[in-house]
Amino acid sequence: MIDATTQGSGQRKLPMQGVPQPTREEVLKLPRVHISTHPVMAHKLTALRDKNTQPPEFYRLVKEIGALLAYEATASLALNSCTIETPMGTTQGQRLAGGIGVTPILRAGLGLAEAFREVIPDVQIWHLGLRRDEHTLQALEYYNQLPHQVNLQVAYAVDPMLATGGSAIDAITILKRRGIPRLSYVGIIAAPYGLAKLAETHPDIDIYLGALDERLNDIGYIVPGLGDAGDRQFGTF
Ligand code: PRP
Ligand code: URA
């Protein structure tokens with residue numbers, strides 16, 4: 001959590017300072033950006049954003065929103081045909097073609113990874129610890145449990161908040177080094193600034209979001225946002 005009393009604008013140069021932030025309308029034109037229009041998403045997001053929502057309820061909502069995002073983000077996965085026996089006879093079925101990896105960006109991404117696991121129980125979970133330095137907003141890697149041998153059709157980097165984009169950009173860069181054929185980012189709320197940076201740096205990925213907000217404030221928080229997603233999930237205020 002950034003301390004607004006000691007880290008106001010002007011003390012150190014943050015990535016978005018002195019740079020005009022794009023508008024929502026500008027980034028909505030970006031290709032490969034998918035923002036949910038589902039009414040249930042809007043309903044759950046409203047409860048998530050509410051400052052009176054306490055950590056147990058907040059975590060439950062992150063998982064429910066994560067399940068909706070998982071359905072949207074997996075809608076175009078490849079399938080292989082197969083033959084199975086039902087109790088009534090033989091039929092043609094379909095199975096997902098190749099494994100699916102989910103990389104939660106620790107720690108706030110944990111709830112979303114859990115949601116993916118509930119939708120697709122055999123996903124592989126690869127933990128990646130990135131923490132925003134509170135003075136520079138640069139993402140620092142502190143934990144990496146990505147395997148070296150991979151055989152996946154797709155991997156999803158999941159994190160509720162896309163603010164300056166630093167954490168998401170680094171996570172995708174790290175996943176790209178593993179040679180996974182297809183990568184996507186899944187987040188709950190994005191700021192136009194971070195979304196534009198992510199799409200510009202990694203134009204070859206799909207980006208799935210629950211909502212696109214107005215802007216970053218002068219200490220790099222999303223407005224209106226929901227505050228600190230990690231603290232609100234785990235009660236570390
Ligand atoms: C938050 C959030 C993202 C990051 C987004 O994590 O969960 O990972 O900030 O900011 P960015 O787009 O500017 O990089 P934080 O570093 O606070 O760590 P936490 O998950 O441990 O709370
Ligand atoms: N990280 C958060 O948890 N919230 C924000 O608004 C920005 C970064």
# chains A, B, ... in the order shown; residues from 1 in each chain; ligands from 1
>>> closest_atom_pairs(of="chain A", to="ligand 1", cutoff="8 Å", atoms="only C-alpha atoms and all ligand atoms", output="Markdown table")
| residue | atom | partner | partner_atom_place_in_ligand_line | distance |
| --- | --- | --- | --- | --- |
| A:Met1 | CA | ligand 1 | 17 (O) | 5.9 |
| A:Ile105 | CA | ligand 1 | 8 (O) | 5.9 |
| A:Leu106 | CA | ligand 1 | 20 (O) | 5.0 |
| A:Arg107 | CA | ligand 1 | 20 (O) | 3.9 |
| A:Ala108 | CA | ligand 1 | 20 (O) | 3.8 |
| A:Gly109 | CA | ligand 1 | 7 (O) | 6.4 |
| A:Gly129 | CA | ligand 1 | 21 (O) | 7.9 |
| A:Leu130 | CA | ligand 1 | 16 (O) | 6.3 |
| A:Arg131 | CA | ligand 1 | 16 (O) | 3.6 |
| A:Arg132 | CA | ligand 1 | 16 (O) | 3.6 |
| A:Asp133 | CA | ligand 1 | 16 (O) | 6.9 |
| A:Glu134 | CA | ligand 1 | 16 (O) | 7.9 |
| A:Leu137 | CA | ligand 1 | 13 (O) | 5.8 |
| A:Gln138 | CA | ligand 1 | 14 (O) | 6.7 |
| A:Ala139 | CA | ligand 1 | 14 (O) | 5.7 |
| A:Asp159 | CA | ligand 1 | 7 (O) | 5.6 |
| A:Pro160 | CA | ligand 1 | 7 (O) | 5.8 |
| A:Met161 | CA | ligand 1 | 2 (C) | 4.8 |
| A:Leu162 | CA | ligand 1 | 12 (O) | 4.2 |
| A:Ala163 | CA | ligand 1 | 12 (O) | 3.5 |
| A:Thr164 | CA | ligand 1 | 13 (O) | 3.6 |
| A:Gly165 | CA | ligand 1 | 12 (O) | 3.6 |
| A:Gly166 | CA | ligand 1 | 14 (O) | 3.9 |
| A:Ser167 | CA | ligand 1 | 14 (O) | 3.7 |
| A:Ala168 | CA | ligand 1 | 12 (O) | 6.2 |
| A:Gly194 | CA | ligand 1 | 12 (O) | 6.0 |
| A:Gly220 | CA | ligand 1 | 13 (O) | 6.4 |
| A:Tyr221 | CA | ligand 1 | 13 (O) | 7.8 |
| A:Asp228 | CA | ligand 1 | 17 (O) | 6.5 |
| A:Ala229 | CA | ligand 1 | 7 (O) | 5.9 |
| A:Gly230 | CA | ligand 1 | 22 (O) | 3.8 |
| A:Asp231 | CA | ligand 1 | 22 (O) | 6.0 |
>>> write_last_selection(atoms="N, CA and C atoms", output="tab-separated table (two decimals), in the first residue's frame")
chain	number	residue	atom	x	y	z
A	1	MET	N	0.86	-1.20	0.00
A	1	MET	CA	0.00	0.00	0.00
A	1	MET	C	0.88	1.24	0.00
A	105	ILE	N	-0.22	-13.21	-10.39
A	105	ILE	CA	0.81	-12.26	-9.96
A	105	ILE	C	0.54	-12.02	-8.47
A	106	LEU	N	1.48	-12.52	-7.66
A	106	LEU	CA	1.30	-12.44	-6.19
A	106	LEU	C	1.39	-10.99	-5.76
A	107	ARG	N	0.59	-10.80	-4.72
A	107	ARG	CA	-0.27	-11.78	-4.13
A	107	ARG	C	-1.72	-11.60	-4.52
A	108	ALA	N	-2.06	-10.42	-5.09
A	108	ALA	CA	-3.46	-10.11	-5.34
A	108	ALA	C	-4.08	-11.02	-6.40
A	109	GLY	N	-3.23	-11.67	-7.24
A	109	GLY	CA	-3.77	-12.54	-8.29
A	109	GLY	C	-4.25	-13.89	-7.78
A	129	GLY	N	5.86	-13.84	-8.16
A	129	GLY	CA	5.76	-12.74	-7.19
A	129	GLY	C	6.33	-11.45	-7.76
A	130	LEU	N	5.47	-10.46	-7.96
A	130	LEU	CA	5.92	-9.12	-8.39
A	130	LEU	C	5.31	-8.13	-7.41
A	131	ARG	N	6.14	-7.21	-6.97
A	131	ARG	CA	5.66	-6.21	-6.01
A	131	ARG	C	6.01	-4.83	-6.54
A	132	ARG	N	5.03	-3.93	-6.51
A	132	ARG	CA	5.32	-2.54	-6.95
A	132	ARG	C	6.14	-1.85	-5.88
A	133	ASP	N	7.28	-1.32	-6.28
A	133	ASP	CA	8.04	-0.48	-5.35
A	133	ASP	C	7.20	0.78	-5.10
A	134	GLU	N	6.96	1.07	-3.83
A	134	GLU	CA	6.01	2.14	-3.54
A	134	GLU	C	6.53	3.53	-3.89
A	137	LEU	N	7.00	2.84	-8.32
A	137	LEU	CA	5.94	2.06	-8.97
A	137	LEU	C	6.51	1.03	-9.96
A	138	GLN	N	7.83	0.79	-9.94
A	138	GLN	CA	8.40	-0.26	-10.78
A	138	GLN	C	8.10	-1.62	-10.14
A	139	ALA	N	7.82	-2.63	-10.98
A	139	ALA	CA	7.55	-3.98	-10.46
A	139	ALA	C	8.86	-4.69	-10.16
A	159	ASP	N	-4.28	-10.94	-12.52
A	159	ASP	CA	-4.01	-9.94	-11.47
A	159	ASP	C	-5.20	-8.98	-11.47
A	160	PRO	N	-5.80	-8.69	-10.32
A	160	PRO	CA	-6.99	-7.84	-10.37
A	160	PRO	C	-6.77	-6.45	-10.95
A	161	MET	N	-5.60	-5.83	-10.70
A	161	MET	CA	-5.44	-4.41	-11.01
A	161	MET	C	-4.36	-4.16	-12.06
A	162	LEU	N	-4.74	-3.46	-13.14
A	162	LEU	CA	-3.79	-3.04	-14.17
A	162	LEU	C	-3.68	-1.52	-14.05
A	163	ALA	N	-2.67	-1.05	-13.36
A	163	ALA	CA	-2.58	0.38	-13.03
A	163	ALA	C	-1.61	1.08	-13.98
A	164	THR	N	-0.30	1.11	-13.65
A	164	THR	CA	0.66	1.68	-14.61
A	164	THR	C	0.99	0.65	-15.70
A	165	GLY	N	0.67	-0.62	-15.43
A	165	GLY	CA	0.95	-1.68	-16.40
A	165	GLY	C	2.30	-2.37	-16.16
A	166	GLY	N	3.11	-1.85	-15.25
A	166	GLY	CA	4.45	-2.41	-15.05
A	166	GLY	C	4.43	-3.88	-14.68
A	167	SER	N	3.57	-4.27	-13.74
A	167	SER	CA	3.53	-5.67	-13.29
A	167	SER	C	3.06	-6.58	-14.42
A	168	ALA	N	2.02	-6.18	-15.12
A	168	ALA	CA	1.48	-7.01	-16.21
A	168	ALA	C	2.50	-7.17	-17.34
A	194	GLY	N	-2.32	2.14	-18.07
A	194	GLY	CA	-1.68	0.83	-18.00
A	194	GLY	C	-2.13	-0.08	-19.12
A	220	GLY	N	-0.55	6.67	-8.42
A	220	GLY	CA	-0.63	5.43	-9.19
A	220	GLY	C	-1.76	4.50	-8.82
A	221	TYR	N	-2.78	5.02	-8.14
A	221	TYR	CA	-3.96	4.19	-7.85
A	221	TYR	C	-5.04	4.46	-8.90
A	228	ASP	N	-6.63	-0.90	-2.63
A	228	ASP	CA	-5.55	-1.89	-2.77
A	228	ASP	C	-6.14	-3.30	-2.77
A	229	ALA	N	-6.05	-3.96	-3.93
A	229	ALA	CA	-6.71	-5.26	-4.10
A	229	ALA	C	-6.10	-6.33	-3.19
A	230	GLY	N	-4.78	-6.27	-2.96
A	230	GLY	CA	-4.15	-7.26	-2.08
A	230	GLY	C	-4.59	-7.07	-0.65
A	231	ASP	N	-4.53	-5.85	-0.17
A	231	ASP	CA	-4.94	-5.57	1.21
A	231	ASP	C	-6.41	-5.92	1.43
>>> residues_around(residues="A:Asp206", least_positions_apart="2", cutoff="12 Å", atoms="only C-alpha atoms", output="NGL selection string")
:A and (30-35 or 72-76 or 154-157 or 172 or 182-187 or 195 or 198-200 or 202-204 or 208-209)
>>> select_by_dssp(residues="stretch 58-205 of chain A", states="alpha helix (DSSP H)", output="MDAnalysis selection string")
chainID A and resid 58:73 110:119 166:176 192:201
>>> atom_distance(atom1="atom CA of A:Ile205", atom2="atom CA of A:Ala67")
20.1 Å
>>> select_by_dssp(residues="stretch 32-148 of chain A", states="strand (DSSP E or B)", output="number ranges by chain")
A: 33-35, 79-86, 89-96, 99-106, 124-125, 128-132, 139-144
>>> write_last_selection(atoms="N, CA, C and O atoms", output="compact mmCIF listing (two decimals), in the first residue's frame")
# COMPACT_ATOMS: atom_id res chain seq x y z
N VAL A 33 -8.50 -6.19 -27.00
CA VAL A 33 -8.91 -5.84 -25.63
C VAL A 33 -10.39 -6.19 -25.50
O VAL A 33 -11.22 -5.76 -26.29
N HIS A 34 -10.70 -7.00 -24.48
CA HIS A 34 -12.07 -7.50 -24.30
C HIS A 34 -12.54 -7.04 -22.92
O HIS A 34 -11.99 -7.47 -21.90
N ILE A 35 -13.52 -6.16 -22.90
CA ILE A 35 -14.03 -5.67 -21.62
C ILE A 35 -15.44 -6.19 -21.44
O ILE A 35 -16.30 -6.02 -22.32
N LEU A 79 -9.96 -27.12 -29.39
CA LEU A 79 -10.47 -28.42 -28.93
C LEU A 79 -9.97 -29.53 -29.84
O LEU A 79 -9.73 -29.30 -31.04
N ASN A 80 -9.83 -30.72 -29.30
CA ASN A 80 -9.57 -31.93 -30.09
C ASN A 80 -10.81 -32.81 -30.02
O ASN A 80 -11.43 -32.93 -28.95
N SER A 81 -11.13 -33.45 -31.13
CA SER A 81 -12.26 -34.39 -31.14
C SER A 81 -11.83 -35.70 -30.51
O SER A 81 -10.67 -36.10 -30.60
N CYS A 82 -12.79 -36.38 -29.90
CA CYS A 82 -12.50 -37.70 -29.34
C CYS A 82 -13.80 -38.52 -29.36
O CYS A 82 -14.88 -37.98 -29.54
N THR A 83 -13.62 -39.81 -29.19
CA THR A 83 -14.79 -40.70 -29.16
C THR A 83 -14.94 -41.22 -27.73
O THR A 83 -13.96 -41.61 -27.11
N ILE A 84 -16.15 -41.15 -27.20
CA ILE A 84 -16.39 -41.66 -25.84
C ILE A 84 -17.63 -42.54 -25.83
O ILE A 84 -18.45 -42.50 -26.75
N GLU A 85 -17.71 -43.32 -24.76
CA GLU A 85 -18.90 -44.15 -24.55
C GLU A 85 -19.75 -43.51 -23.47
O GLU A 85 -19.26 -43.27 -22.36
N THR A 86 -20.98 -43.19 -23.77
CA THR A 86 -21.91 -42.80 -22.71
C THR A 86 -22.62 -44.08 -22.25
O THR A 86 -22.48 -45.12 -22.91
N GLY A 89 -24.40 -45.29 -25.37
CA GLY A 89 -23.78 -45.62 -26.66
C GLY A 89 -22.54 -44.79 -26.93
O GLY A 89 -22.03 -44.08 -26.06
N THR A 90 -22.08 -44.87 -28.19
CA THR A 90 -20.85 -44.18 -28.59
C THR A 90 -21.20 -42.81 -29.15
O THR A 90 -22.20 -42.66 -29.86
N THR A 91 -20.36 -41.81 -28.81
CA THR A 91 -20.59 -40.48 -29.38
C THR A 91 -19.26 -39.76 -29.55
O THR A 91 -18.24 -40.17 -28.99
N GLN A 92 -19.30 -38.71 -30.35
CA GLN A 92 -18.12 -37.86 -30.53
C GLN A 92 -18.15 -36.77 -29.46
O GLN A 92 -19.18 -36.15 -29.20
N GLY A 93 -16.99 -36.55 -28.83
CA GLY A 93 -16.87 -35.47 -27.86
C GLY A 93 -15.70 -34.57 -28.23
O GLY A 93 -15.08 -34.74 -29.28
N GLN A 94 -15.41 -33.64 -27.35
CA GLN A 94 -14.30 -32.70 -27.57
C GLN A 94 -13.59 -32.47 -26.26
O GLN A 94 -14.23 -32.34 -25.21
N ARG A 95 -12.27 -32.43 -26.35
CA ARG A 95 -11.48 -32.12 -25.15
C ARG A 95 -10.57 -30.94 -25.47
O ARG A 95 -10.15 -30.78 -26.62
N LEU A 96 -10.25 -30.17 -24.44
CA LEU A 96 -9.33 -29.04 -24.64
C LEU A 96 -8.01 -29.54 -25.20
O LEU A 96 -7.46 -30.55 -24.72
N GLY A 99 -2.53 -28.24 -22.54
CA GLY A 99 -2.70 -27.75 -21.18
C GLY A 99 -2.96 -26.26 -21.11
O GLY A 99 -2.75 -25.51 -22.07
N ILE A 100 -3.41 -25.84 -19.94
CA ILE A 100 -3.70 -24.42 -19.68
C ILE A 100 -2.93 -24.01 -18.43
O ILE A 100 -3.02 -24.67 -17.39
N GLY A 101 -2.17 -22.95 -18.55
CA GLY A 101 -1.41 -22.43 -17.41
C GLY A 101 -2.04 -21.15 -16.90
O GLY A 101 -2.58 -20.34 -17.68
N VAL A 102 -2.01 -20.97 -15.60
CA VAL A 102 -2.49 -19.73 -14.98
C VAL A 102 -1.39 -19.22 -14.07
O VAL A 102 -0.92 -19.94 -13.20
N THR A 103 -0.97 -17.99 -14.31
CA THR A 103 0.07 -17.39 -13.48
C THR A 103 -0.53 -16.25 -12.66
O THR A 103 -0.80 -15.17 -13.19
N PRO A 104 -0.80 -16.51 -11.36
CA PRO A 104 -1.24 -15.40 -10.51
C PRO A 104 -0.05 -14.51 -10.19
O PRO A 104 1.01 -14.99 -9.78
N ILE A 105 -0.22 -13.21 -10.39
CA ILE A 105 0.81 -12.26 -9.96
C ILE A 105 0.54 -12.02 -8.47
O ILE A 105 -0.51 -11.49 -8.10
N LEU A 106 1.48 -12.52 -7.66
CA LEU A 106 1.30 -12.44 -6.19
C LEU A 106 1.39 -10.99 -5.76
O LEU A 106 2.18 -10.23 -6.33
N GLN A 124 -2.68 -25.68 -14.73
CA GLN A 124 -1.43 -25.64 -13.95
C GLN A 124 -1.29 -24.22 -13.38
O GLN A 124 -1.49 -23.24 -14.11
N ILE A 125 -0.95 -24.12 -12.12
CA ILE A 125 -0.80 -22.80 -11.48
C ILE A 125 0.69 -22.52 -11.30
O ILE A 125 1.38 -23.28 -10.62
N LEU A 128 4.02 -16.31 -9.57
CA LEU A 128 5.03 -15.30 -9.90
C LEU A 128 4.83 -14.12 -8.94
O LEU A 128 3.76 -13.51 -8.91
N GLY A 129 5.86 -13.84 -8.16
CA GLY A 129 5.76 -12.74 -7.19
C GLY A 129 6.33 -11.45 -7.76
O GLY A 129 7.53 -11.37 -8.04
N LEU A 130 5.47 -10.46 -7.96
CA LEU A 130 5.92 -9.12 -8.39
C LEU A 130 5.31 -8.13 -7.41
O LEU A 130 4.13 -8.19 -7.09
N ARG A 131 6.14 -7.21 -6.97
CA ARG A 131 5.66 -6.21 -6.01
C ARG A 131 6.01 -4.83 -6.54
O ARG A 131 7.14 -4.60 -6.99
N ARG A 132 5.03 -3.93 -6.51
CA ARG A 132 5.32 -2.54 -6.95
C ARG A 132 6.14 -1.85 -5.88
O ARG A 132 5.72 -1.79 -4.73
N ALA A 139 7.82 -2.63 -10.98
CA ALA A 139 7.55 -3.98 -10.46
C ALA A 139 8.86 -4.69 -10.16
O ALA A 139 9.79 -4.66 -10.98
N LEU A 140 8.96 -5.30 -8.97
CA LEU A 140 10.16 -6.04 -8.57
C LEU A 140 9.80 -7.51 -8.45
O LEU A 140 8.84 -7.86 -7.77
N GLU A 141 10.58 -8.38 -9.11
CA GLU A 141 10.30 -9.82 -9.04
C GLU A 141 10.92 -10.38 -7.75
O GLU A 141 12.09 -10.18 -7.49
N TYR A 142 10.12 -11.09 -6.93
CA TYR A 142 10.65 -11.66 -5.69
C TYR A 142 10.40 -13.15 -5.56
O TYR A 142 10.88 -13.78 -4.63
N TYR A 143 9.63 -13.74 -6.51
CA TYR A 143 9.33 -15.17 -6.41
C TYR A 143 8.95 -15.66 -7.79
O TYR A 143 8.19 -14.99 -8.50
N ASN A 144 9.50 -16.83 -8.18
CA ASN A 144 9.22 -17.33 -9.52
C ASN A 144 9.16 -18.85 -9.48
O ASN A 144 10.17 -19.50 -9.25
>>> residues_around(residues="A:His148", least_positions_apart="5", cutoff="12 Å", atoms="only C-alpha atoms", output="list in words")
Trp126, Ile174, Leu175, Lys176, Arg177, Arg178, Gly179 and Ile180 of chain A
>>> atom_distance(atom1="atom CA of A:Ile65", atom2="atom CA of A:Pro22")
26.0 Å
>>> residues_around(residues="A:Val223", least_positions_apart="2", cutoff="8 Å", atoms="only C-alpha atoms", output="VMD selection string")
chain A and resid 191 213 to 217 221 225 to 226
>>> write_last_selection(atoms="all heavy atoms", output="short mmCIF file (atom, residue, chain, number, x, y, z; two decimals), in the first residue's frame")
data_model
loop_
_atom_site.label_atom_id
_atom_site.label_comp_id
_atom_site.auth_asym_id
_atom_site.auth_seq_id
_atom_site.Cartn_x
_atom_site.Cartn_y
_atom_site.Cartn_z
N ALA A 191 -6.71 0.83 -15.64
CA ALA A 191 -6.67 2.26 -15.97
C ALA A 191 -6.26 2.38 -17.44
O ALA A 191 -5.45 1.57 -17.92
CB ALA A 191 -5.63 2.96 -15.10
N ASP A 213 -11.53 1.77 -16.04
CA ASP A 213 -11.84 2.95 -15.22
C ASP A 213 -11.34 4.24 -15.87
O ASP A 213 -10.90 4.24 -17.02
CB ASP A 213 -11.27 2.76 -13.81
CG ASP A 213 -12.25 1.97 -12.93
OD1 ASP A 213 -13.23 1.43 -13.46
OD2 ASP A 213 -12.04 1.91 -11.71
N GLU A 214 -11.39 5.34 -15.10
CA GLU A 214 -11.13 6.67 -15.69
C GLU A 214 -9.66 7.01 -15.81
O GLU A 214 -9.19 7.48 -16.83
CB GLU A 214 -11.79 7.75 -14.83
CG GLU A 214 -13.30 7.78 -14.95
CD GLU A 214 -13.92 8.61 -13.83
OE1 GLU A 214 -13.24 9.50 -13.28
OE2 GLU A 214 -15.09 8.34 -13.52
N ARG A 215 -8.88 6.77 -14.72
CA ARG A 215 -7.51 7.30 -14.71
C ARG A 215 -6.74 6.78 -13.51
O ARG A 215 -7.32 6.14 -12.62
CB ARG A 215 -7.54 8.84 -14.63
CG ARG A 215 -8.18 9.33 -13.36
CD ARG A 215 -8.29 10.85 -13.30
NE ARG A 215 -9.07 11.23 -12.15
CZ ARG A 215 -8.59 11.43 -10.93
NH1 ARG A 215 -7.30 11.30 -10.70
NH2 ARG A 215 -9.38 11.75 -9.93
N LEU A 216 -5.44 7.09 -13.51
CA LEU A 216 -4.60 6.89 -12.33
C LEU A 216 -4.55 8.19 -11.55
O LEU A 216 -4.48 9.28 -12.16
CB LEU A 216 -3.17 6.53 -12.74
CG LEU A 216 -2.98 5.19 -13.45
CD1 LEU A 216 -1.53 5.07 -13.90
CD2 LEU A 216 -3.36 4.04 -12.53
N ASN A 217 -4.51 8.11 -10.22
CA ASN A 217 -4.29 9.34 -9.46
C ASN A 217 -2.78 9.60 -9.37
O ASN A 217 -1.97 8.86 -9.95
CB ASN A 217 -4.98 9.30 -8.08
CG ASN A 217 -4.35 8.30 -7.13
OD1 ASN A 217 -3.27 7.77 -7.40
ND2 ASN A 217 -5.00 8.05 -6.02
N TYR A 221 -2.78 5.02 -8.14
CA TYR A 221 -3.96 4.19 -7.85
C TYR A 221 -5.04 4.46 -8.90
O TYR A 221 -5.17 5.58 -9.41
CB TYR A 221 -4.49 4.48 -6.44
CG TYR A 221 -3.82 3.58 -5.42
CD1 TYR A 221 -2.50 3.81 -5.06
CD2 TYR A 221 -4.48 2.49 -4.87
CE1 TYR A 221 -1.85 2.97 -4.16
CE2 TYR A 221 -3.84 1.64 -3.98
CZ TYR A 221 -2.53 1.89 -3.62
OH TYR A 221 -1.90 1.05 -2.75
N GLY A 225 -11.68 2.80 -9.17
CA GLY A 225 -10.99 1.63 -8.66
C GLY A 225 -11.67 0.96 -7.49
O GLY A 225 -12.91 0.96 -7.37
N LEU A 226 -10.86 0.38 -6.63
CA LEU A 226 -11.38 -0.27 -5.41
C LEU A 226 -10.39 -0.18 -4.26
O LEU A 226 -10.56 -0.82 -3.23
CB LEU A 226 -11.74 -1.74 -5.69
CG LEU A 226 -10.72 -2.63 -6.42
CD1 LEU A 226 -9.54 -2.98 -5.57
CD2 LEU A 226 -11.41 -3.88 -6.93
#
>>> closest_residue(among="A:Met41, A:Leu152, A:Ala97, A:Ala70", to="A:Glu118", atoms="only C-alpha atoms")
A:Ala70
>>> closest_residue(among="A:Arg24, A:Arg232, A:Lys44, A:His38", to="ligand 2", atoms="only C-alpha atoms and all ligand atoms")
A:Arg232
